[in-house]
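Novice: Quick one: the structure is below, and I'll ask about it shortly.
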Amino acid sequence: MKMKRFMDLIISFILLILLFPILFGITIIIKCKLGSPIFFKQKRPGLYGKPFLVYKFRTMKLLYDNNGSLLPDQKRLTSLGRILRKYSLDELPQLVNVLKGDMSLVGPRPLLLEYMSLYTDEQNLRHHVKPGITGWAQINGRNEISWEEKLKLDLWYIKNQNMKLDLKIFFKTIVKVLRTDGVKQKEHATMEKLTRSDEVI
């Protein structure tokens, strides 16, 4: 695992330097188009379920209904946001999460804290490794597959994790991003919410 952390540090640091002009450009565009805040921050479960703040570029307007609740994602997602999500550019700030040690480049995606009570004991094993920017589920369907399939793929990765597999996932992710495969699920801005434990058993 020390080698994995070393690779995370080296690769994320290099990527942040190489991608700095893109990161800076996106920051300026979001500021002009959406205003502040530039970044979307949300608590997600990390290693052993410990919460951490995940960083993303903001892709939605802050629009509320008469009760003060945020409108559905589909109504708040902007054309700029669609482009950022299409090419996974909104995920780039998570390279900072990797440098901080909250995340790895490769691992199960950090899902919502509210989902933790819905997992089976086996599915909770996904928190025995650091969450990743990309993972086995992301190169095998991303948001086009069901929650059950996605969680099974996460468990397969945990049981078969090694550096060779991580490198395979990393380079396949680049291809997937360029091809914009599986960015969203039909009739949803990204992926429908996980709502019941019997959906994932």
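Labels used: A, B, ... for chains in the order of the structure tokens, numbers from 1 for residues in each chain, and numbers from 1 for ligands as shown.
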For segment 57-74 of chain A, list every protein, DNA or RNA residue within 8 Å, evaluated using only C-alpha atoms, and leave out those in the same chain fewer than 2 positions away; present the list as an MDAnalysis selection string.
Specialist: chainID A and resid 27 30 34 37:40 55 76:78 80:82 84:85 89:93 188:189
Novice: Name all residues at most 12 Å from Met116 of chain A (count only C-alpha atoms; drop same-chain ones fewer than 5 positions away) and give them as a list in words.
Specialist: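 With the cut-off at 12 Å, the set is Arg44, Pro45, Gly46, Tyr48, Gly49, Lys50, Pro51, Pro110, Leu111, Asp121, Glu122, Gln123, Asn124, Leu125, Arg126, His127, Leu194, Thr195, Arg196, Ser197 and Val200 of chain A.
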Novice: Just the selected residues (C-alpha atoms), exported as a PDB file, in the first residue's frame, please.
Specialist:
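Final output, saved to out25.pdb:
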```pdb
ATOM      1  CA  ARG A  44     -18.440  11.734   1.745  1.00  0.00           C
ATOM      2  CA  PRO A  45     -17.369   8.518   3.519  1.00  0.00           C
ATOM      3  CA  GLY A  46     -13.666   7.777   3.164  1.00  0.00           C
ATOM      4  CA  TYR A  48     -13.359   3.028   7.181  1.00  0.00           C
ATOM      5  CA  GLY A  49     -16.305   5.355   6.647  1.00  0.00           C
ATOM      6  CA  LYS A  50     -14.570   8.433   8.074  1.00  0.00           C
ATOM      7  CA  PRO A  51     -16.176  11.535   6.493  1.00  0.00           C
ATOM      8  CA  PRO A 110     -17.029   8.005  -2.635  1.00  0.00           C
ATOM      9  CA  LEU A 111     -20.827   7.906  -2.504  1.00  0.00           C
ATOM     10  CA  ASP A 121     -22.161  -6.102   5.459  1.00  0.00           C
ATOM     11  CA  GLU A 122     -20.329  -7.255   2.342  1.00  0.00           C
ATOM     12  CA  GLN A 123     -20.982  -4.005   0.491  1.00  0.00           C
ATOM     13  CA  ASN A 124     -19.607  -2.069   3.448  1.00  0.00           C
ATOM     14  CA  LEU A 125     -16.214  -3.570   2.576  1.00  0.00           C
ATOM     15  CA  ARG A 126     -15.957  -0.800  -0.046  1.00  0.00           C
ATOM     16  CA  HIS A 127     -14.909   1.431   2.862  1.00  0.00           C
ATOM     17  CA  LEU A 194     -29.940   4.714  -4.131  1.00  0.00           C
ATOM     18  CA  THR A 195     -33.086   4.608  -2.020  1.00  0.00           C
ATOM     19  CA  ARG A 196     -33.659   1.132  -0.556  1.00  0.00           C
ATOM     20  CA  SER A 197     -31.400  -1.626   0.729  1.00  0.00           C
ATOM     21  CA  VAL A 200     -28.546  -3.505  -3.807  1.00  0.00           C
TER      22      VAL A 200
END
```
Novice: Mind listing the alpha helix (DSSP H) residues of segment 19-194 of chain A, per DSSP on the backbone, as a PyMOL selection string?
Specialist: chain A and resi 20-33+73-76+79-86+94-100+147-160+163-179
Novice: Suppose you want the space between atom CA of Asp102 of chain A and atom CA of Arg179 of chain A; what is it in Å?
Specialist: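 Interatomic distance here is 28.1 Å.
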Novice: Using only C-alpha atoms, which residues sit within 9 Å of Leu153 of chain A once same-chain residues fewer than 2 positions away are excluded, as a PyMOL selection string?
Specialist: chain A and resi 108+135-137+140+148-151+155-158
Novice: With a distance cut-off of 12 Å and only C-alpha atoms, select the neighbouring residues of Ile169 of chain A, excluding the residue or stretch itself and same-chain residues fewer than 5 positions from it, and output the selection as a list of chain:residue names.
Specialist: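 The contact residues come out as A:Leu105, A:Val106, A:Gly107, A:Pro108, A:Gly132, A:Ile133, A:Thr134, A:Gly135, A:Trp136, A:Ala137, A:Gln138, A:Ile139, A:Asn140, A:Tyr157, A:Gln161, A:Asn162, A:Met163, A:Lys164, A:Ile174, A:Val175, A:Lys176, A:Val177.
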Novice: When DSSP is applied to the backbone of this structure, which of chain A are assigned strand (DSSP E)? Write them out as a PyMOL selection string.
Specialist: chain A and resi 39-45+51-57+104-106+132-134
Novice: Store the residues picked out above, limited to N, CA and C atoms, as a PDB file, in the first residue's frame.
Specialist:
```
ATOM      1  N   PHE A  39     -16.356  26.013  -6.217  1.00  0.00           N
ATOM      2  CA  PHE A  39     -16.256  24.578  -5.954  1.00  0.00           C
ATOM      3  C   PHE A  39     -17.477  24.048  -5.205  1.00  0.00           C
ATOM      4  N   PHE A  40     -17.827  22.828  -5.545  1.00  0.00           N
ATOM      5  CA  PHE A  40     -18.850  22.086  -4.818  1.00  0.00           C
ATOM      6  C   PHE A  40     -18.118  21.231  -3.793  1.00  0.00           C
ATOM      7  N   LYS A  41     -18.511  21.367  -2.525  1.00  0.00           N
ATOM      8  CA  LYS A  41     -17.881  20.594  -1.453  1.00  0.00           C
ATOM      9  C   LYS A  41     -18.963  19.815  -0.718  1.00  0.00           C
ATOM     10  N   GLN A  42     -18.683  18.554  -0.454  1.00  0.00           N
ATOM     11  CA  GLN A  42     -19.675  17.714   0.224  1.00  0.00           C
ATOM     12  C   GLN A  42     -18.971  16.637   1.037  1.00  0.00           C
ATOM     13  N   LYS A  43     -19.508  16.349   2.207  1.00  0.00           N
ATOM     14  CA  LYS A  43     -18.943  15.278   3.020  1.00  0.00           C
ATOM     15  C   LYS A  43     -19.283  13.924   2.413  1.00  0.00           C
ATOM     16  N   ARG A  44     -18.269  13.084   2.258  1.00  0.00           N
ATOM     17  CA  ARG A  44     -18.440  11.734   1.745  1.00  0.00           C
ATOM     18  C   ARG A  44     -17.688  10.765   2.669  1.00  0.00           C
ATOM     19  N   PRO A  45     -18.091   9.487   2.691  1.00  0.00           N
ATOM     20  CA  PRO A  45     -17.369   8.518   3.519  1.00  0.00           C
ATOM     21  C   PRO A  45     -16.052   8.110   2.877  1.00  0.00           C
ATOM     22  N   PRO A  51     -15.773  10.482   7.438  1.00  0.00           N
ATOM     23  CA  PRO A  51     -16.176  11.535   6.493  1.00  0.00           C
ATOM     24  C   PRO A  51     -15.024  12.476   6.134  1.00  0.00           C
ATOM     25  N   PHE A  52     -15.025  12.925   4.894  1.00  0.00           N
ATOM     26  CA  PHE A  52     -14.085  13.942   4.439  1.00  0.00           C
ATOM     27  C   PHE A  52     -14.797  14.822   3.421  1.00  0.00           C
ATOM     28  N   LEU A  53     -14.242  15.989   3.138  1.00  0.00           N
ATOM     29  CA  LEU A  53     -14.830  16.897   2.151  1.00  0.00           C
ATOM     30  C   LEU A  53     -14.286  16.581   0.766  1.00  0.00           C
ATOM     31  N   VAL A  54     -15.177  16.186  -0.143  1.00  0.00           N
ATOM     32  CA  VAL A  54     -14.771  15.930  -1.515  1.00  0.00           C
ATOM     33  C   VAL A  54     -14.948  17.220  -2.308  1.00  0.00           C
ATOM     34  N   TYR A  55     -14.014  17.497  -3.233  1.00  0.00           N
ATOM     35  CA  TYR A  55     -14.044  18.733  -4.018  1.00  0.00           C
ATOM     36  C   TYR A  55     -14.401  18.438  -5.474  1.00  0.00           C
ATOM     37  N   LYS A  56     -15.272  19.288  -6.022  1.00  0.00           N
ATOM     38  CA  LYS A  56     -15.597  19.239  -7.446  1.00  0.00           C
ATOM     39  C   LYS A  56     -15.815  20.667  -7.933  1.00  0.00           C
ATOM     40  N   PHE A  57     -15.705  20.871  -9.241  1.00  0.00           N
ATOM     41  CA  PHE A  57     -16.130  22.144  -9.800  1.00  0.00           C
ATOM     42  C   PHE A  57     -17.655  22.181  -9.774  1.00  0.00           C
ATOM     43  N   SER A 104      -7.680   8.090  -3.248  1.00  0.00           N
ATOM     44  CA  SER A 104      -6.652   7.526  -4.109  1.00  0.00           C
ATOM     45  C   SER A 104      -7.054   7.835  -5.552  1.00  0.00           C
ATOM     46  N   LEU A 105      -6.128   7.697  -6.474  1.00  0.00           N
ATOM     47  CA  LEU A 105      -6.499   7.861  -7.878  1.00  0.00           C
ATOM     48  C   LEU A 105      -7.483   6.780  -8.309  1.00  0.00           C
ATOM     49  N   VAL A 106      -7.284   5.567  -7.791  1.00  0.00           N
ATOM     50  CA  VAL A 106      -8.132   4.424  -8.162  1.00  0.00           C
ATOM     51  C   VAL A 106      -8.733   3.800  -6.912  1.00  0.00           C
ATOM     52  N   GLY A 132     -11.763   6.381  -4.675  1.00  0.00           N
ATOM     53  CA  GLY A 132     -10.931   6.820  -5.782  1.00  0.00           C
ATOM     54  C   GLY A 132     -11.625   7.808  -6.713  1.00  0.00           C
ATOM     55  N   ILE A 133     -10.827   8.513  -7.496  1.00  0.00           N
ATOM     56  CA  ILE A 133     -11.366   9.385  -8.537  1.00  0.00           C
ATOM     57  C   ILE A 133     -12.004   8.534  -9.624  1.00  0.00           C
ATOM     58  N   THR A 134     -11.394   7.398  -9.894  1.00  0.00           N
ATOM     59  CA  THR A 134     -11.951   6.443 -10.838  1.00  0.00           C
ATOM     60  C   THR A 134     -11.821   5.044 -10.242  1.00  0.00           C
TER      61      THR A 134
END
```
Novice: Given only C-alpha atoms, how would the per-residue table for segment 87-158 of chain A near segment 10-25 of chain A read, listing every residue at most 7 Å away with its closest atom pair and distance in Å to one decimal, sorted by chain and number, as a Markdown table?
Specialist:
```
| residue | atom | partner | partner_atom | distance |
| --- | --- | --- | --- | --- |
| A:Leu95 | CA | A:Ser12 | CA | 5.6 |
| A:Val98 | CA | A:Ser12 | CA | 6.8 |
| A:Leu99 | CA | A:Ser12 | CA | 6.6 |
```
Novice: For the residues selected in the previous step, produce a file with C-alpha atoms as a PDB file, in the first residue's frame.
Specialist:
```pdb
ATOM      1  CA  LEU A  95      -6.592  15.553  -7.311  1.00  0.00           C
ATOM      2  CA  VAL A  98      -5.573  12.606  -3.430  1.00  0.00           C
ATOM      3  CA  LEU A  99      -2.655  14.810  -2.367  1.00  0.00           C
TER       4      LEU A  99
END
```
Novice: Would you mind telling me which residue in A:Phe170, A:Arg142, A:Gly35, A:Trp147 lies nearest to Tyr119 of chain A when using only C-alpha atoms?
Specialist: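 The shortest atom-to-atom distance to Tyr119 of chain A comes from A:Trp147.
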Novice: Nearest to Gly141 of chain A among A:Leu112, A:Lys193, A:Asp166, A:Thr173, with distances taken over only C-alpha atoms: which residue is it?
Specialist: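 Answer, going by the shortest atom-to-atom distance: A:Thr173.
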Novice: Using only C-alpha atoms, can you tell me which of A:Leu118, A:Val129, A:Val96, A:Leu113 comes closest to Met1 of chain A?
Specialist: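 Between A:Leu118, A:Val129, A:Val96, A:Leu113, the residue approaching Met1 of chain A most closely is A:Val129.
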Novice: Using only C-alpha atoms, which residue out of A:Leu178, A:Leu47, A:Ile145, A:Cys32 lies closest to His128 of chain A?
Specialist: A:Leu47
